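K.L.:
model.txt is reproduced in full below (compact mmCIF, C-alpha atoms).
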```
# COMPACT_ATOMS: atom_id res chain seq x y z
CA MET F 22 78.45 94.60 100.29
CA ASP F 23 78.03 95.33 96.57
CA ALA F 24 76.42 98.75 96.11
CA ASN F 25 74.46 97.36 93.15
CA ILE F 26 72.65 94.77 95.26
CA SER F 27 68.93 94.60 94.42
CA PRO F 28 66.47 96.27 96.80
CA TYR F 29 64.88 92.91 97.65
CA GLU F 30 68.24 91.32 98.42
CA LEU F 31 69.25 94.31 100.54
CA ARG F 32 66.01 94.16 102.54
CA GLN F 33 66.54 90.46 103.12
CA ALA F 34 70.09 91.11 104.34
CA ILE F 35 68.75 93.79 106.69
CA ARG F 36 66.05 91.41 107.97
CA ARG F 37 68.69 88.76 108.71
CA GLY F 38 70.90 91.30 110.50
CA ASP F 39 73.66 91.02 107.87
CA PHE F 40 73.41 94.71 106.86
CA THR F 41 73.31 97.26 109.68
CA THR F 42 74.82 100.46 108.28
CA ASN F 43 73.34 103.48 106.47
CA THR F 44 71.86 102.80 103.04
CA SER F 45 73.25 105.73 101.04
CA GLY F 46 74.73 104.51 97.76
CA TYR F 47 73.21 101.01 97.94
CA ALA F 48 70.61 99.47 95.58
CA GLN F 49 71.32 102.26 93.15
CA GLY F 50 68.42 103.36 90.97
CA PHE F 51 65.67 102.76 93.52
CA VAL F 52 63.65 104.99 95.81
CA GLN F 53 64.68 105.07 99.45
CA GLY F 54 62.30 106.25 102.16
CA ASN F 55 62.20 107.78 105.61
CA LEU F 56 59.86 106.20 108.14
CA ALA F 57 57.36 107.40 110.73
CA ILE F 58 55.05 105.03 112.61
CA MET F 59 52.45 106.09 115.17
CA PRO F 60 49.09 105.08 116.64
CA LYS F 61 45.95 105.62 114.54
CA GLU F 62 44.80 108.37 116.92
CA TRP F 63 47.74 110.51 115.78
CA ALA F 64 47.96 109.43 112.14
CA ASN F 65 45.44 111.84 110.60
CA GLU F 66 47.15 114.87 112.11
CA PHE F 67 50.54 113.61 110.94
CA LEU F 68 49.15 113.02 107.45
CA GLN F 69 47.94 116.63 107.39
CA PHE F 70 51.35 117.83 108.61
CA CYS F 71 53.00 116.02 105.69
CA GLN F 72 50.50 117.43 103.20
CA LEU F 73 51.16 120.96 104.45
CA ASN F 74 54.95 120.48 104.31
CA PRO F 75 55.59 118.50 101.10
CA LYS F 76 59.24 119.56 100.69
CA PRO F 77 60.55 117.86 103.86
CA CYS F 78 57.70 115.33 104.16
CA PRO F 79 56.75 113.93 100.71
CA ILE F 80 54.67 110.78 101.24
CA VAL F 81 55.57 107.92 98.88
CA GLY F 82 53.76 105.12 100.73
CA MET F 83 51.77 104.26 103.86
CA SER F 84 49.91 101.45 105.58
CA ALA F 85 46.77 100.42 103.69
CA SER F 86 44.98 100.24 107.05
CA PRO F 87 45.95 100.48 110.74
CA GLY F 88 48.00 97.49 111.82
CA ASP F 89 49.15 96.64 108.28
CA TYR F 90 52.95 96.33 108.33
CA MET F 91 53.38 95.06 104.75
CA ILE F 92 53.86 98.02 102.37
CA ASN F 93 53.10 96.18 99.15
CA THR F 94 52.85 99.32 97.02
CA LEU F 95 56.60 99.89 97.46
CA GLY F 96 57.94 96.41 96.77
CA LYS F 97 58.00 92.67 97.22
CA ASP F 98 57.61 91.31 100.74
CA ILE F 99 58.33 94.61 102.52
CA ASP F 100 57.86 94.17 106.27
CA ILE F 101 58.13 97.61 107.85
CA ARG F 102 58.96 96.01 111.22
CA THR F 103 62.20 94.34 110.12
CA ASP F 104 63.45 95.77 106.82
CA ILE F 105 65.18 98.97 107.99
CA PRO F 106 68.74 98.70 109.41
CA LYS F 107 68.06 100.78 112.52
CA TYR F 108 64.94 102.28 114.09
CA ARG F 109 64.48 105.04 116.65
CA VAL F 110 61.84 104.62 119.35
CA TYR F 111 60.26 107.75 120.86
CA ARG F 112 58.08 107.67 123.97
CA ASP F 113 56.24 110.88 124.84
CA GLY F 114 58.49 112.70 122.37
CA GLN F 115 61.73 111.46 123.93
CA LEU F 116 64.18 109.22 122.07
CA THR F 117 64.48 106.17 124.32
CA GLU F 118 66.31 103.56 122.22
CA GLU F 119 67.57 102.49 118.82
CA VAL F 120 66.79 98.93 117.71
CA ALA F 121 67.19 96.73 114.65
CA ASP F 122 63.70 95.17 114.79
CA ILE F 123 60.37 96.56 116.01
CA THR F 124 58.24 93.41 115.80
CA SER F 125 57.78 93.32 119.57
CA LEU F 126 56.63 96.96 119.57
CA TRP F 127 54.09 96.67 116.76
CA THR F 128 50.39 96.91 117.65
CA ASP F 129 47.19 96.59 115.64
CA ASP F 130 46.48 100.34 115.70
CA MET F 131 49.79 101.46 114.19
CA VAL F 132 50.03 103.35 110.90
CA ALA F 133 53.30 103.54 108.96
CA PHE F 134 54.26 106.43 106.66
CA VAL F 135 57.15 106.23 104.18
CA LEU F 136 58.49 109.61 103.04
CA GLY F 137 60.70 110.39 100.07
CA CYS F 138 64.44 110.58 100.77
CA SER F 139 67.24 112.68 99.32
CA PHE F 140 69.30 109.52 98.69
CA SER F 141 67.08 108.98 95.64
CA PHE F 142 68.14 112.17 93.86
CA GLU F 143 71.82 111.58 94.64
CA GLU F 144 71.87 109.12 91.75
CA ALA F 145 70.66 111.80 89.34
CA LEU F 146 73.35 114.20 90.56
CA ILE F 147 76.09 111.59 90.11
CA ALA F 148 74.78 110.61 86.67
CA ASP F 149 75.18 114.24 85.62
CA GLY F 150 78.81 114.26 86.77
CA LEU F 151 78.32 116.03 90.11
CA GLU F 152 80.14 114.75 93.16
CA VAL F 153 78.08 113.74 96.20
CA ARG F 154 80.57 114.19 99.01
CA ASN F 155 79.01 111.87 101.58
CA ILE F 156 79.14 109.01 99.08
CA THR F 157 82.71 109.87 98.04
CA GLU F 158 83.81 109.85 101.69
CA GLY F 159 81.70 106.81 102.61
CA VAL F 160 79.76 108.46 105.43
CA ASN F 161 76.18 109.35 106.30
CA VAL F 162 74.97 112.66 104.86
CA PRO F 163 75.24 115.59 107.33
CA MET F 164 71.86 116.90 108.55
CA TYR F 165 71.06 120.05 110.51
CA ARG F 166 68.17 121.61 112.41
CA THR F 167 67.26 125.04 110.97
CA ASN F 168 65.11 128.07 111.77
CA ILE F 169 62.80 127.37 108.80
CA GLU F 170 59.36 126.89 110.34
CA CYS F 171 57.04 124.13 109.15
CA GLN F 172 53.29 124.68 108.89
CA SER F 173 51.59 123.21 111.94
CA ALA F 174 48.86 120.56 111.85
CA GLY F 175 47.09 119.77 115.10
CA ARG F 176 49.70 118.63 117.59
CA PHE F 177 52.52 118.50 115.01
CA SER F 178 54.81 121.49 114.48
CA GLY F 179 58.52 122.30 114.33
CA THR F 180 61.34 123.49 112.12
CA THR F 181 62.77 121.95 108.97
CA VAL F 182 65.78 119.64 109.07
CA VAL F 183 68.08 119.90 106.04
CA SER F 184 70.70 117.64 104.50
CA MET F 185 73.87 119.24 103.09
CA ARG F 186 76.17 118.50 100.16
CA PRO F 187 79.05 120.89 99.37
CA MET F 188 79.47 121.98 95.76
CA LYS F 189 81.07 124.64 93.61
CA PRO F 190 78.54 127.41 92.87
CA LYS F 191 78.11 126.39 89.22
CA ASP F 192 77.43 122.80 90.32
CA ALA F 193 74.93 124.03 92.90
CA ILE F 194 72.98 125.75 90.14
CA ARG F 195 73.01 122.55 88.09
CA ALA F 196 71.86 120.58 91.15
CA ILE F 197 68.87 122.91 91.48
CA GLN F 198 67.94 122.23 87.86
CA ILE F 199 68.25 118.46 88.30
CA CYS F 200 66.44 118.15 91.61
CA THR F 201 63.50 120.29 90.51
CA ARG F 202 62.48 117.19 88.53
CA PHE F 203 62.08 115.16 91.74
CA PRO F 204 59.48 116.83 94.00
CA SER F 205 58.59 113.48 95.58
CA VAL F 206 62.10 113.24 97.04
CA HIS F 207 62.46 116.81 98.36
CA GLY F 208 62.92 118.61 95.04
CA ALA F 209 65.28 121.55 94.62
CA PRO F 210 67.51 122.77 97.47
CA LEU F 211 66.05 125.21 99.99
CA HIS F 212 69.24 127.25 100.36
CA PHE F 213 72.90 127.42 99.46
CA GLY F 214 75.62 129.62 100.88
CA ASP F 215 75.78 131.07 104.40
CA PRO F 216 74.50 128.46 106.89
CA ALA F 217 73.77 131.13 109.49
CA GLU F 218 70.95 132.49 107.34
CA ILE F 219 68.93 129.35 108.08
CA GLY F 220 70.01 129.09 111.72
CA ILE F 221 73.00 126.75 111.46
CA SER F 222 75.76 128.02 113.74
CA ASP F 223 78.42 125.34 113.16
CA ILE F 224 78.53 123.63 109.77
CA ALA F 225 81.28 121.29 111.03
CA THR F 226 78.96 119.79 113.66
CA PRO F 227 75.81 118.23 112.14
CA ASP F 228 72.82 117.48 114.36
CA PHE F 229 72.43 114.14 112.58
CA GLY F 230 74.73 112.10 110.33
CA ASP F 231 78.42 112.80 109.74
CA ALA F 232 80.49 115.86 108.85
CA VAL F 233 81.98 115.98 105.35
CA THR F 234 84.85 117.97 103.85
CA ILE F 235 84.02 121.38 102.38
CA ASN F 236 86.84 122.32 100.04
CA PRO F 237 88.00 125.88 99.19
CA GLY F 238 85.70 127.43 96.59
CA GLU F 239 82.72 125.27 97.56
CA VAL F 240 79.44 126.33 99.18
CA PRO F 241 77.16 124.17 101.33
CA VAL F 242 73.93 123.26 99.52
CA PHE F 243 70.90 122.42 101.68
CA TRP F 244 67.91 120.24 100.82
CA ALA F 245 64.78 119.67 102.91
CA CYS F 246 65.23 116.38 104.78
CA GLY F 247 62.92 113.58 105.88
CA VAL F 248 64.31 113.74 109.42
CA THR F 249 62.04 116.78 109.83
CA PRO F 250 59.16 114.63 111.14
CA GLN F 251 61.37 113.49 114.01
CA VAL F 252 61.58 117.11 115.20
CA ALA F 253 57.78 117.41 114.90
CA ILE F 254 57.35 114.18 116.85
CA GLU F 255 59.55 115.52 119.64
CA ALA F 256 57.23 118.53 119.89
CA ALA F 257 53.94 116.60 119.57
CA ARG F 258 54.93 113.96 122.15
CA PRO F 259 52.82 110.96 121.05
CA PRO F 260 52.94 108.13 123.61
CA LEU F 261 54.83 105.91 121.14
CA CYS F 262 56.33 106.73 117.77
CA ILE F 263 58.92 104.86 115.72
CA THR F 264 61.12 106.33 112.98
CA HIS F 265 64.17 105.28 111.00
CA SER F 266 67.54 106.18 112.44
CA PRO F 267 68.94 108.99 110.25
CA GLY F 268 70.57 107.52 107.14
CA HIS F 269 69.08 104.05 107.68
CA MET F 270 66.28 103.98 105.10
CA LEU F 271 63.65 101.69 103.69
CA VAL F 272 64.87 100.70 100.21
CA SER F 273 61.94 100.13 97.86
CA ASP F 274 61.52 98.41 94.50
CA VAL F 275 60.30 101.67 92.91
CA PRO F 276 62.76 103.07 90.31
CA ASN F 277 63.90 106.62 90.96
CA SER F 278 63.03 107.44 87.34
CA ARG F 279 59.35 106.87 88.13
CA LEU F 280 59.38 109.94 90.40
CA ALA F 281 60.78 112.31 87.78
CA ILE F 282 58.24 114.80 86.43
CA LEU F 283 60.11 116.02 83.32
```
Represent the structure from my file as structure tokens, please.

P.N.:
Amino acid sequence: MDANISPYELRQAIRRGDFTTNTSGYAQGFVQGNLAIMPKEWANEFLQFCQLNPKPCPIVGMSASPGDYMINTLGKDIDIRTDIPKYRVYRDGQLTEEVADITSLWTDDMVAFVLGCSFSFEEALIADGLEVRNITEGVNVPMYRTNIECQSAGRFSGTTVVSMRPMKPKDAIRAIQICTRFPSVHGAPLHFGDPAEIGISDIATPDFGDAVTINPGEVPVFWACGVTPQVAIEAARPPLCITHSPGHMLVSDVPNSRLAIL
């Protein structure tokens, strides 16, 4: 599929089942989002968790009211039940299945949160001449659990998940400068260099996504990642919670440029 497909056309292809892979590099120029859906009873605590941890959990959209599955603030005809390539279903904090459609699981008390995604700032890195290895190699970005603690909110707690892109040190510094302009999609990296310092024991084995090549002279660069809420959900154990499958995002009609602050 053409990487320059419009967000609306991509969502329609996803809804039909014609697009089932990860969304990195597609609908270039537009904000992509992570997803977390849970019952109203849990939503206020999750909202507070996101507000206390804005780097990994920047909210870019949410249901206008419980049971509302159309996220009109993010684009035309967005149905949160059908317009993501793959969803993860958690019951009592345990991942039980991955599905392509959650219409049968939706209830009138559900609240959906859409969180900013690092795929959005990848465009800015590429535009500046920096390589984004996962796009070059055509794979999902590698993601890792870390020892970086999140601030707790009610029943939600956990450690930060990071995404990684290898770069030469001078390019890592430039990436920090670029991504500082995009706080709504994770902002500047949290760390670069020795993975062990943030609790990653094997850089070649991501916890989520796919491994990428790290060439001689490059260092791994780590950004806060929107998979972090999935770790918090595992700890909180809500009776039912639905997220995106890592790398399979909601693609909005919001231009990435609208999130830049400088």

K.L.:
Considering all atoms listed in the file, give me a table of residues in stretch 189-254 of chain F that are at most 12 Å from stretch 264-275 of chain F, with the closest atom pair and distance in Å for each, as a tab-separated table.

P.N.:
```
residue	atom	partner	partner_atom	distance
F:Pro227	CA	F:Pro267	CA	11.7
F:Asp228	CA	F:Pro267	CA	10.2
F:Phe229	CA	F:Pro267	CA	6.6
F:Gly230	CA	F:Pro267	CA	6.6
F:Asp231	CA	F:Gly268	CA	9.8
F:Cys246	CA	F:Pro267	CA	9.9
F:Gly247	CA	F:Pro267	CA	8.7
F:Val248	CA	F:Pro267	CA	6.7
F:Thr249	CA	F:Pro267	CA	10.4
F:Pro250	CA	F:Thr264	CA	8.7
F:Gln251	CA	F:Thr264	CA	7.2
F:Val252	CA	F:Thr264	CA	11.0
F:Ala253	CA	F:Thr264	CA	11.7
F:Ile254	CA	F:Thr264	CA	9.5
```

K.L.:
Those same residues, written as a short mmCIF file (atom, residue, chain, number, x, y, z; two decimals), keeping the file's coordinate frame with C-alpha atoms?

P.N.:
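New file again.cif:
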```
data_model
loop_
_atom_site.label_atom_id
_atom_site.label_comp_id
_atom_site.auth_asym_id
_atom_site.auth_seq_id
_atom_site.Cartn_x
_atom_site.Cartn_y
_atom_site.Cartn_z
CA PRO F 227 75.81 118.23 112.14
CA ASP F 228 72.82 117.48 114.36
CA PHE F 229 72.43 114.14 112.58
CA GLY F 230 74.73 112.10 110.33
CA ASP F 231 78.42 112.80 109.74
CA CYS F 246 65.23 116.38 104.78
CA GLY F 247 62.92 113.58 105.88
CA VAL F 248 64.31 113.74 109.42
CA THR F 249 62.04 116.78 109.83
CA PRO F 250 59.16 114.63 111.14
CA GLN F 251 61.37 113.49 114.01
CA VAL F 252 61.58 117.11 115.20
CA ALA F 253 57.78 117.41 114.90
CA ILE F 254 57.35 114.18 116.85
#
```

K.L.:
Extract, using all atoms listed in the file, all DNA, RNA and protein residues at most 7 Å from F:Val183, discarding same-chain residues fewer than 6 positions from it, and format them as a list in words.

P.N.:
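Contacts, with the query itself left out: Met164, Tyr165, Arg166, Phe243, Trp244, Ala245 and Cys246 of chain F.
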
K.L.:
Taking only C-alpha atoms into account, name the residue in F:Asn277, F:Thr41, F:Asn65, F:Asn155 that is nearest to F:Ala232.

P.N.:
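Using only C-alpha atoms, the shortest distance to F:Ala232 belongs to F:Asn155.
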
K.L.:
F:Ile58: which residues within 9 Å, counting all atoms listed in the file, same-chain residues fewer than 6 positions away excluded, as a ChimeraX atom specification?

P.N.:
/F:64,131-135,261-264

K.L.:
Using all atoms listed in the file, find each residue of stretch 149-235 of chain F with at least one atom at most 8 Å away from an atom of stretch 76-82 of chain F; report its shortest atom-to-atom pair and that distance in Å (one decimal), sort the rows by chain and rising residue number, and return the result as a Markdown table.

P.N.:
```
| residue | atom | partner | partner_atom | distance |
| --- | --- | --- | --- | --- |
| F:Thr181 | CA | F:Pro77 | CA | 6.9 |
| F:Val182 | CA | F:Pro77 | CA | 7.6 |
| F:Pro204 | CA | F:Lys76 | CA | 7.2 |
| F:Ser205 | CA | F:Pro79 | CA | 5.5 |
| F:Val206 | CA | F:Pro79 | CA | 6.5 |
| F:His207 | CA | F:Lys76 | CA | 4.8 |
| F:Gly208 | CA | F:Lys76 | CA | 6.8 |
```

K.L.:
From the set F:Met91, F:Ile219, F:Ala174, F:Ile235, which residue has the shortest atom-to-atom contact distance to F:Asn74, counting all atoms listed in the file?

P.N.:
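Looking only at the distances to F:Asn74, the closest residue turns out to be F:Ala174.
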
K.L.:
As an exercise, work out the distance from atom CA of F:Ala196 to atom CA of F:Ser222 in Å and give it to one decimal place.

P.N.:
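Going from atom CA of F:Ala196 over to atom CA of F:Ser222 covers 24.1 Å.
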
K.L.:
Determine the nearest neighbour of F:Asp122 from the options F:Phe213, F:Phe70, F:Tyr90, F:Tyr108, counting only C-alpha atoms.

P.N.:
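Of F:Phe213, F:Phe70, F:Tyr90, F:Tyr108, the one nearest F:Asp122, counting only C-alpha atoms, is F:Tyr108.
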
K.L.:
From the list F:Asp129, F:Asp39, F:Glu62, F:Glu30, which residue is nearest F:Arg176 when using all atoms listed in the file?

P.N.:
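The shortest atom-to-atom distance to F:Arg176 comes from F:Glu62.
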
K.L.:
Would you please work out which residue, of F:Ser278, F:Ser86, F:Thr157, F:Asn25, is nearest to F:Ala145 when using only C-alpha atoms?

P.N.:
F:Ser278
